[in-house]
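Novice: I'm passing along model.txt; it holds compact mmCIF, C-alpha atoms.
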```txt
# COMPACT_ATOMS: atom_id res chain seq x y z
CA MET A 1 0.00 0.00 0.00
CA GLU A 2 2.81 2.36 0.85
CA THR A 3 4.52 1.75 -2.48
CA TYR A 4 1.23 2.28 -4.33
CA ARG A 5 0.58 5.53 -2.42
CA GLY A 6 4.07 6.81 -3.14
CA ASP A 7 3.77 6.02 -6.85
CA SER A 8 0.37 7.69 -6.91
CA MET A 9 1.77 10.87 -5.37
CA LYS A 10 4.58 10.94 -7.92
CA LEU A 11 2.05 10.46 -10.69
CA LEU A 12 -0.17 13.20 -9.27
CA ARG A 13 2.75 15.64 -9.07
CA ALA A 14 3.74 14.80 -12.66
CA CYS A 15 0.19 15.41 -13.87
CA VAL A 16 0.00 18.75 -12.06
CA ALA A 17 3.30 19.81 -13.63
CA ALA A 18 2.11 18.76 -17.08
CA ILE A 19 -1.14 20.70 -16.68
CA ALA A 20 0.79 23.79 -15.57
CA VAL A 21 2.99 23.64 -18.67
CA ALA A 22 -0.07 23.16 -20.88
CA LEU A 23 -1.78 26.18 -19.35
CA ILE A 24 1.27 28.32 -20.01
CA THR A 25 1.30 27.36 -23.67
CA LEU A 26 -2.44 27.72 -24.30
CA PRO A 27 -3.49 30.46 -26.79
CA VAL A 28 -4.54 33.73 -25.19
CA SER A 29 -8.31 33.85 -24.74
CA ALA A 30 -10.81 36.59 -23.96
CA ALA A 31 -10.29 35.91 -20.26
CA ASP A 32 -6.69 37.10 -20.61
CA TYR A 33 -7.62 40.75 -21.17
CA PRO A 34 -9.54 43.08 -18.81
CA ALA A 35 -13.31 42.95 -18.85
CA PRO A 36 -14.87 45.60 -21.13
CA LYS A 37 -16.60 48.58 -19.54
CA GLU A 38 -19.59 50.32 -21.12
CA GLY A 39 -20.67 53.92 -21.21
CA SER A 40 -22.62 56.51 -23.17
CA PHE A 41 -21.80 60.06 -24.17
CA VAL A 42 -24.31 62.70 -25.22
CA ALA A 43 -23.12 65.09 -27.93
CA ARG A 44 -25.19 68.24 -27.80
CA ASP A 45 -26.28 70.39 -30.75
CA PHE A 46 -24.92 67.89 -33.25
CA ARG A 47 -24.78 69.35 -36.75
CA PHE A 48 -25.09 66.92 -39.66
CA HIS A 49 -23.53 67.49 -43.08
CA THR A 50 -27.04 68.36 -44.34
CA GLY A 51 -27.17 71.35 -41.97
CA GLU A 52 -29.75 69.67 -39.73
CA VAL A 53 -29.07 69.93 -36.00
CA MET A 54 -30.21 67.51 -33.31
CA PRO A 55 -30.24 68.90 -29.75
CA GLU A 56 -28.43 65.77 -28.65
CA ILE A 57 -27.27 62.41 -29.92
CA ARG A 58 -26.22 59.44 -27.80
CA LEU A 59 -23.00 57.59 -28.53
CA HIS A 60 -22.56 54.26 -26.79
CA TYR A 61 -19.11 52.77 -26.37
CA ARG A 62 -17.05 50.07 -24.71
CA THR A 63 -13.52 50.35 -23.42
CA VAL A 64 -10.90 47.76 -22.55
CA GLY A 65 -7.93 48.70 -20.37
CA GLU A 66 -7.25 51.77 -18.28
CA PRO A 67 -7.45 55.42 -19.48
CA THR A 68 -3.76 55.79 -18.65
CA GLY A 69 -2.88 53.44 -21.52
CA GLN A 70 -2.13 54.46 -25.09
CA PRO A 71 -5.54 55.21 -26.66
CA VAL A 72 -6.63 53.05 -29.59
CA LEU A 73 -9.88 53.59 -31.52
CA ILE A 74 -11.42 50.51 -33.17
CA LEU A 75 -14.25 50.98 -35.68
CA HIS A 76 -16.75 48.29 -36.67
CA GLY A 77 -18.50 47.38 -39.92
CA THR A 78 -21.94 48.20 -41.33
CA ALA A 79 -24.92 47.00 -39.30
CA GLY A 80 -22.59 45.98 -36.47
CA SER A 81 -21.50 47.51 -33.18
CA GLY A 82 -18.41 47.77 -31.04
CA ALA A 83 -19.46 44.54 -29.32
CA ASN A 84 -18.84 42.65 -32.57
CA MET A 85 -15.09 43.09 -32.10
CA LEU A 86 -15.10 41.46 -28.66
CA ASN A 87 -14.68 37.89 -29.83
CA GLN A 88 -11.87 35.35 -29.81
CA ALA A 89 -10.98 35.83 -33.49
CA PHE A 90 -10.41 39.58 -33.02
CA ALA A 91 -9.99 40.67 -29.40
CA GLY A 92 -8.63 37.29 -28.34
CA GLU A 93 -5.79 37.66 -30.85
CA LEU A 94 -5.01 41.31 -30.09
CA PHE A 95 -5.84 42.43 -26.53
CA GLY A 96 -3.99 39.84 -24.44
CA ALA A 97 -0.61 40.20 -22.75
CA GLY A 98 2.17 40.54 -25.30
CA GLN A 99 -0.26 40.88 -28.20
CA PRO A 100 -0.24 43.90 -30.57
CA LEU A 101 -2.91 45.85 -28.64
CA ASP A 102 -2.07 44.54 -25.17
CA ALA A 103 -4.85 45.96 -22.96
CA THR A 104 -2.46 46.40 -20.03
CA LYS A 105 -0.65 49.02 -22.13
CA HIS A 106 -3.47 50.37 -24.31
CA PHE A 107 -6.81 52.04 -23.68
CA ILE A 108 -9.04 50.45 -26.32
CA ILE A 109 -12.17 52.34 -27.38
CA LEU A 110 -14.93 50.53 -29.27
CA PRO A 111 -17.80 52.90 -30.14
CA ASP A 112 -21.16 51.99 -31.60
CA ALA A 113 -21.23 54.22 -34.67
CA LEU A 114 -23.98 56.80 -35.06
CA GLY A 115 -27.05 54.93 -36.32
CA THR A 116 -25.96 51.54 -34.95
CA GLY A 117 -25.95 49.46 -31.77
CA GLN A 118 -26.99 51.46 -28.72
CA SER A 119 -26.11 54.83 -30.25
CA SER A 120 -28.82 57.17 -31.55
CA LYS A 121 -30.63 55.71 -34.58
CA PRO A 122 -33.91 55.97 -36.50
CA SER A 123 -35.59 53.14 -34.58
CA ASP A 124 -35.31 55.14 -31.35
CA GLY A 125 -38.49 56.93 -32.44
CA LEU A 126 -37.83 59.39 -35.25
CA ARG A 127 -37.89 56.71 -37.93
CA THR A 128 -37.43 58.37 -41.36
CA LYS A 129 -37.41 61.83 -39.75
CA PHE A 130 -33.97 61.01 -38.39
CA PRO A 131 -31.35 63.08 -40.30
CA LYS A 132 -29.83 61.20 -43.22
CA TYR A 133 -26.30 60.89 -41.89
CA ASN A 134 -23.25 59.87 -43.89
CA TYR A 135 -19.77 58.58 -42.99
CA ASP A 136 -18.52 62.13 -42.39
CA ASP A 137 -21.20 62.57 -39.72
CA MET A 138 -20.30 59.22 -38.17
CA VAL A 139 -16.62 60.18 -37.97
CA LEU A 140 -17.47 63.58 -36.49
CA ALA A 141 -19.57 61.83 -33.83
CA GLN A 142 -16.66 59.49 -33.03
CA TYR A 143 -14.32 62.48 -32.77
CA ARG A 144 -16.64 64.23 -30.34
CA LEU A 145 -16.89 61.07 -28.25
CA VAL A 146 -13.11 60.73 -28.10
CA THR A 147 -12.36 64.40 -27.40
CA GLU A 148 -15.36 65.67 -25.43
CA GLY A 149 -16.57 62.42 -23.92
CA LEU A 150 -13.25 60.77 -23.05
CA GLY A 151 -10.98 63.83 -22.93
CA ILE A 152 -8.42 62.38 -25.37
CA ARG A 153 -6.33 64.76 -27.46
CA HIS A 154 -4.27 62.28 -29.44
CA LEU A 155 -4.70 58.62 -30.46
CA ARG A 156 -1.99 56.05 -30.76
CA LEU A 157 -3.96 54.21 -33.47
CA VAL A 158 -7.18 54.29 -35.46
CA ILE A 159 -8.03 50.87 -36.90
CA GLY A 160 -11.27 49.83 -38.55
CA ASN A 161 -12.83 47.01 -40.54
CA SER A 162 -15.11 47.32 -43.60
CA MET A 163 -17.24 50.43 -42.89
CA GLY A 164 -14.82 51.07 -40.04
CA GLY A 165 -11.97 50.79 -42.54
CA MET A 166 -13.54 53.42 -44.77
CA GLN A 167 -14.04 55.64 -41.74
CA THR A 168 -10.38 55.13 -40.84
CA TRP A 169 -9.41 56.68 -44.19
CA LEU A 170 -11.70 59.62 -43.34
CA TRP A 171 -10.12 60.01 -39.91
CA GLY A 172 -6.78 60.38 -41.67
CA THR A 173 -8.02 63.02 -44.09
CA THR A 174 -10.24 64.93 -41.62
CA PHE A 175 -8.04 64.91 -38.51
CA PRO A 176 -4.57 64.28 -39.99
CA SER A 177 -2.49 65.11 -36.90
CA PHE A 178 -4.72 63.37 -34.35
CA MET A 179 -3.14 59.90 -34.48
CA ASP A 180 0.24 58.16 -34.68
CA ALA A 181 -0.93 55.41 -37.03
CA LEU A 182 -3.83 54.37 -39.26
CA VAL A 183 -4.89 50.84 -40.23
CA PRO A 184 -7.90 50.73 -42.59
CA MET A 185 -8.98 47.17 -43.37
CA ALA A 186 -11.32 45.61 -45.97
CA SER A 187 -11.71 48.97 -47.67
CA GLN A 188 -10.29 51.28 -50.28
CA PRO A 189 -10.00 55.08 -50.38
CA THR A 190 -12.03 55.63 -53.54
CA GLU A 191 -15.56 56.64 -54.44
CA MET A 192 -18.31 54.20 -53.51
CA SER A 193 -19.06 52.54 -56.83
CA SER A 194 -19.18 49.37 -58.94
CA ARG A 195 -20.51 46.10 -57.45
CA ASN A 196 -20.08 47.43 -53.92
CA TRP A 197 -22.60 50.22 -54.42
CA MET A 198 -24.90 48.24 -56.75
CA MET A 199 -25.34 45.54 -54.11
CA ARG A 200 -25.88 48.09 -51.36
CA ARG A 201 -28.53 49.81 -53.47
CA MET A 202 -30.31 46.50 -53.92
CA ILE A 203 -30.78 46.28 -50.15
CA ILE A 204 -31.95 49.90 -50.03
CA ASP A 205 -34.39 49.42 -52.91
CA ALA A 206 -35.66 46.09 -51.59
CA ILE A 207 -36.68 47.78 -48.34
CA ARG A 208 -38.12 50.94 -49.90
CA ASN A 209 -40.11 49.03 -52.54
CA ASP A 210 -41.59 46.59 -50.04
CA PRO A 211 -45.25 47.53 -49.38
CA ASP A 212 -44.72 46.40 -45.77
CA TRP A 213 -42.19 49.19 -45.29
CA ASN A 214 -45.00 51.77 -45.60
CA ASN A 215 -42.66 54.78 -45.89
CA GLY A 216 -40.92 53.71 -42.69
CA ASN A 217 -44.13 53.50 -40.65
CA TYR A 218 -44.35 49.70 -40.45
CA THR A 219 -45.77 47.81 -37.49
CA THR A 220 -43.88 44.59 -38.29
CA GLN A 221 -40.50 44.30 -39.99
CA PRO A 222 -40.79 44.22 -43.82
CA ARG A 223 -40.37 40.67 -45.13
CA SER A 224 -37.82 41.77 -47.73
CA VAL A 225 -35.20 42.64 -45.11
CA LYS A 226 -34.13 39.06 -44.33
CA ALA A 227 -33.82 37.93 -47.96
CA ALA A 228 -32.02 41.11 -49.04
CA THR A 229 -29.45 41.02 -46.25
CA VAL A 230 -28.73 37.29 -46.65
CA PHE A 231 -28.37 37.75 -50.41
CA PHE A 232 -25.96 40.65 -49.89
CA ALA A 233 -23.90 38.77 -47.31
CA ILE A 234 -23.45 35.67 -49.47
CA ALA A 235 -22.78 37.66 -52.63
CA THR A 236 -20.22 40.03 -51.14
CA SER A 237 -18.54 38.22 -48.26
CA GLY A 238 -17.43 34.71 -47.42
CA GLY A 239 -14.78 33.85 -50.00
CA THR A 240 -15.14 31.82 -53.17
CA LEU A 241 -12.81 29.02 -52.07
CA ALA A 242 -14.31 28.95 -48.59
CA TYR A 243 -17.86 28.60 -49.92
CA GLN A 244 -16.80 25.81 -52.25
CA LYS A 245 -15.29 23.98 -49.29
CA LEU A 246 -18.34 24.69 -47.12
CA ALA A 247 -21.00 23.79 -49.70
CA PRO A 248 -19.53 21.52 -52.42
CA THR A 249 -22.93 20.05 -53.32
CA ARG A 250 -26.37 21.50 -54.00
CA GLU A 251 -27.72 19.78 -50.89
CA ARG A 252 -25.03 21.35 -48.69
CA ALA A 253 -25.60 24.74 -50.33
CA ASP A 254 -29.35 24.51 -49.72
CA LYS A 255 -28.78 23.55 -46.09
CA PHE A 256 -26.44 26.48 -45.54
CA LEU A 257 -28.84 28.94 -47.19
CA ASP A 258 -31.85 27.60 -45.29
CA GLU A 259 -29.99 28.04 -42.01
CA ARG A 260 -29.06 31.63 -42.86
CA LEU A 261 -32.63 32.47 -43.83
CA ALA A 262 -34.02 30.84 -40.69
CA ALA A 263 -31.67 32.61 -38.31
CA ARG A 264 -33.38 35.11 -36.02
CA SER A 265 -32.53 38.77 -36.52
CA ALA A 266 -33.24 41.82 -34.40
CA ALA A 267 -32.39 44.21 -37.24
CA ASP A 268 -34.70 47.15 -37.87
CA ALA A 269 -35.52 48.01 -41.49
CA ASN A 270 -35.16 51.79 -41.11
CA ASP A 271 -31.85 51.39 -39.27
CA LEU A 272 -30.54 49.10 -42.02
CA LEU A 273 -31.75 51.45 -44.73
CA TYR A 274 -29.87 54.35 -43.17
CA GLN A 275 -26.76 52.28 -42.45
CA TRP A 276 -26.31 51.09 -46.03
CA GLU A 277 -27.29 54.41 -47.59
CA SER A 278 -24.82 56.31 -45.39
CA SER A 279 -22.00 55.14 -47.69
CA ARG A 280 -23.55 56.79 -50.76
CA ASP A 281 -21.13 59.76 -50.97
CA TYR A 282 -18.03 58.15 -49.44
CA ASN A 283 -14.93 59.33 -51.31
CA PRO A 284 -11.73 60.27 -49.44
CA ALA A 285 -9.63 60.14 -52.63
CA PRO A 286 -9.43 63.92 -53.25
CA GLN A 287 -7.98 64.46 -49.74
CA LEU A 288 -5.49 61.58 -49.46
CA ASP A 289 -2.49 63.89 -49.59
CA ARG A 290 -3.66 65.36 -46.26
CA ILE A 291 -2.90 62.12 -44.40
CA GLU A 292 0.11 62.56 -42.12
CA ALA A 293 0.25 59.40 -40.01
CA PRO A 294 1.89 56.20 -41.26
CA LEU A 295 -0.82 54.01 -42.79
CA LEU A 296 -1.07 50.26 -43.29
CA ALA A 297 -3.97 49.22 -45.53
CA ILE A 298 -4.90 45.57 -44.93
CA ASN A 299 -7.09 43.82 -47.51
CA SER A 300 -7.73 40.25 -48.57
CA ALA A 301 -6.98 39.01 -52.07
CA ASP A 302 -10.46 37.45 -52.26
CA ASP A 303 -12.38 40.51 -51.01
CA GLU A 304 -15.56 40.60 -53.09
CA ARG A 305 -16.29 44.28 -52.36
CA ASN A 306 -12.75 45.57 -52.83
CA PRO A 307 -11.20 43.29 -55.46
CA PRO A 308 -7.44 43.95 -55.75
CA GLU A 309 -7.47 43.31 -59.51
CA THR A 310 -8.98 46.76 -60.07
CA GLY A 311 -5.67 48.28 -58.99
CA LEU A 312 -7.49 51.13 -57.22
CA LEU A 313 -5.81 50.69 -53.85
CA GLU A 314 -2.35 50.33 -55.39
CA ARG A 315 -2.96 53.50 -57.41
CA GLU A 316 -4.22 55.61 -54.52
CA ILE A 317 -1.74 54.44 -51.86
CA LYS A 318 0.98 56.24 -53.82
CA ARG A 319 -0.62 59.52 -52.75
CA VAL A 320 -0.29 58.65 -49.05
CA LYS A 321 3.05 59.96 -47.76
CA ASN A 322 3.85 56.93 -45.62
CA GLY A 323 1.38 54.31 -46.76
CA ARG A 324 1.72 50.67 -47.64
CA ILE A 325 -0.47 47.64 -48.32
CA TYR A 326 -0.61 44.20 -46.75
CA LEU A 327 -2.63 41.82 -48.95
CA ILE A 328 -3.74 38.58 -47.31
CA PRO A 329 -3.45 35.67 -49.80
CA ALA A 330 -6.71 33.92 -50.65
CA SER A 331 -7.27 30.34 -49.49
CA ASP A 332 -10.12 28.10 -48.39
CA ASP A 333 -9.38 29.37 -44.89
CA THR A 334 -9.99 33.04 -45.77
CA ARG A 335 -13.48 34.49 -45.94
CA GLY A 336 -13.38 37.11 -48.68
CA HIS A 337 -14.53 40.47 -47.38
CA GLY A 338 -14.90 38.88 -43.96
CA THR A 339 -11.28 37.74 -43.76
CA THR A 340 -10.02 40.77 -41.83
CA GLY A 341 -12.44 39.99 -39.02
CA ALA A 342 -9.93 37.28 -38.01
CA ALA A 343 -6.79 38.97 -36.66
CA LYS A 344 -4.66 35.84 -37.04
CA PHE A 345 -4.20 36.76 -40.70
CA TRP A 346 -2.64 40.16 -40.02
CA LYS A 347 -1.61 40.60 -36.38
CA ALA A 348 2.10 39.99 -37.13
CA PRO A 349 2.27 42.76 -39.80
CA LEU A 350 0.30 45.01 -37.42
CA GLN A 351 2.81 44.41 -34.64
CA GLU A 352 5.70 45.21 -36.96
CA PHE A 353 3.95 48.32 -38.27
CA LEU A 354 3.21 49.69 -34.79
CA GLN A 355 6.79 49.12 -33.67
CA ALA A 356 7.96 51.22 -36.61
CA ALA A 357 5.29 53.96 -36.26
CA GLN A 358 6.74 56.63 -34.01
CA GLN A 359 4.71 57.54 -30.96
CA VAL A 360 4.13 61.30 -31.19
CA ARG A 361 2.59 61.84 -27.74
```
Could you render the structure from this file as structure tokens?

Specialist:
Amino acid sequence: METYRGDSMKLLRACVAAIAVALITLPVSAADYPAPKEGSFVARDFRFHTGEVMPEIRLHYRTVGEPTGQPVLILHGTAGSGANMLNQAFAGELFGAGQPLDATKHFIILPDALGTGQSSKPSDGLRTKFPKYNYDDMVLAQYRLVTEGLGIRHLRLVIGNSMGGMQTWLWGTTFPSFMDALVPMASQPTEMSSRNWMMRRMIIDAIRNDPDWNNGNYTTQPRSVKAATVFFAIATSGGTLAYQKLAPTRERADKFLDERLAARSAADANDLLYQWESSRDYNPAPQLDRIEAPLLAINSADDERNPPETGLLEREIKRVKNGRIYLIPASDDTRGHGTTGAAKFWKAPLQEFLQAAQQVR
């Protein structure tokens, strides 16, 4: 019995040691960065690009880390919110100890853009009487949140994905000395056009032409919303190779589509209409020479909305004083326009870029 007990203790100690080593080598997870905090800021007398003024607009936001850290602004995509970035594929790859945006060293700000999430939006009550905002208005609202709401006078980094990427370009042209570095992703700094706009307009038209929409005064969500948004998502995001791997037969394709169409959605038709239409006049190209901060544009080679074969990004990046491109190669592991939502594809180039980008303040 004594021999058995001694051997058991040795085995137990060995197991404990093995578990400790395994825990040390596990990938960083969401639990390895500080819990997000939430807040709201009210911007008073907000003037839209149309000249309309609202007495106040609410801007909801989340922060990770302490205000004493280097401030980083992260901007989300269309129809999303700051909460969308708090997942393992994004935050779990970036916010942990030793990662590019280590939350023990950075103060990470994740706003819900004007018109989205818990920020002011048409569905709050004004419906189609809500001012028709654009990306310039959304960026101005973010700027007021950062400066008036959080008291920040300079950002270490502005980084955004999809709509947030386009807004990152606008941050660089509108407030050129306000940040040390810019990282627009899944975007390009040219006029909204081509397939990207045509597909967006199909969502807009599908909602407006639906009798259920009733000029925005519906009592139940228009039936066209689900089909239009699923169609747009499959057509413009997901990756050709990835979809072929995911649905190599008609039966698998039908199953995937049926699941997408059956998924519950809390989206509001007026909010979606405004969100997609807000990109209508996006065009930072004429102002690109105003950008002062080093800029790293990250796109995917299989991005359906910003196809690299057009050469537009390569052409325009030459006008950015200190700009360069990182193009993620396409594979059956990438997801087209959605690829940049997974930081594993680009966190190493981001780390290298930030190390080279001089901290101004």

Novice: Quote the spacing between atom CA of A:Gln167 and atom CA of A:Glu66 in Å to one decimal place.

Specialist: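 Atom CA of A:Gln167 sits 24.7 Å away from atom CA of A:Glu66.
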
Novice: I'd like to know which of A:Lys121, A:Lys344, A:Arg223, A:Arg200 is closest to A:Gln88, using all atoms listed in the file.

Specialist: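 Comparing A:Lys121, A:Lys344, A:Arg223, A:Arg200 against A:Gln88, the winner is A:Lys344.
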
Novice: Could you tell me how far atom CA of A:Asn87 lies from atom CA of A:Leu295, in Å and to one decimal?

Specialist: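 Atom-to-atom, atom CA of A:Asn87 to atom CA of A:Leu295, that is 24.9 Å.
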
Novice: What lies within 12 Å of A:Asp124 using all atoms listed in the file, ignoring chain neighbours under 2 positions off, as a list in words?

Specialist: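 Neighbouring residues, sequence-local ones excluded: Ile57, Arg58, Gly115, Thr116, Gly117, Gln118, Ser119, Ser120, Lys121, Pro122, Leu126, Arg127, Thr128, Lys129, Phe130, Asp268, Asn270 and Asp271 of chain A.
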
Novice: Determine the nearest neighbour of A:Leu312 from the options A:Thr334, A:Thr147, A:Ser194, A:Asn214, counting all atoms listed in the file.

Specialist: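 Smallest distance to A:Leu312 is found for A:Ser194.
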
Novice: Quote the spacing between atom CA of A:His337 and atom CA of A:Pro308 in Å to one decimal place.

Specialist: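 Value for the atom CA of A:His337-atom CA of A:Pro308 distance: 11.5 Å.
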
Novice: Near A:Ile328, within 10 Å and counting all atoms listed in the file, which residues show up once chain neighbours fewer than 3 positions away are dropped, as an NGL selection string?

Specialist: :A and (298-303 or 325 or 331 or 334 or 336 or 339-340 or 345-346)

Novice: If you count all atoms listed in the file, which residues fall within 12 Å of A:Gly51, apart from same-chain ones fewer than 3 positions away, as a list in words?

Specialist: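 Here the qualifying residues turn out to be Asp45, Phe46, Arg47, Phe48, Met54, Pro131, Lys132, Tyr133 and Asp137 of chain A.
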
Novice: Compare A:Arg62, A:Arg335, A:Lys321, A:Lys347 by their minimum atom-to-atom distance to A:Leu150, counting all atoms listed in the file, and give me the closest one.

Specialist: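 Answer, going by the shortest atom-to-atom distance: A:Arg62.
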
Novice: Identify which of the residues A:Met185, A:Arg201, A:Tyr61, A:Gln355 lies closest to A:Gln275, counting only C-alpha atoms when measuring atom-to-atom distances.

Specialist: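 Nearest to A:Gln275: A:Arg201.
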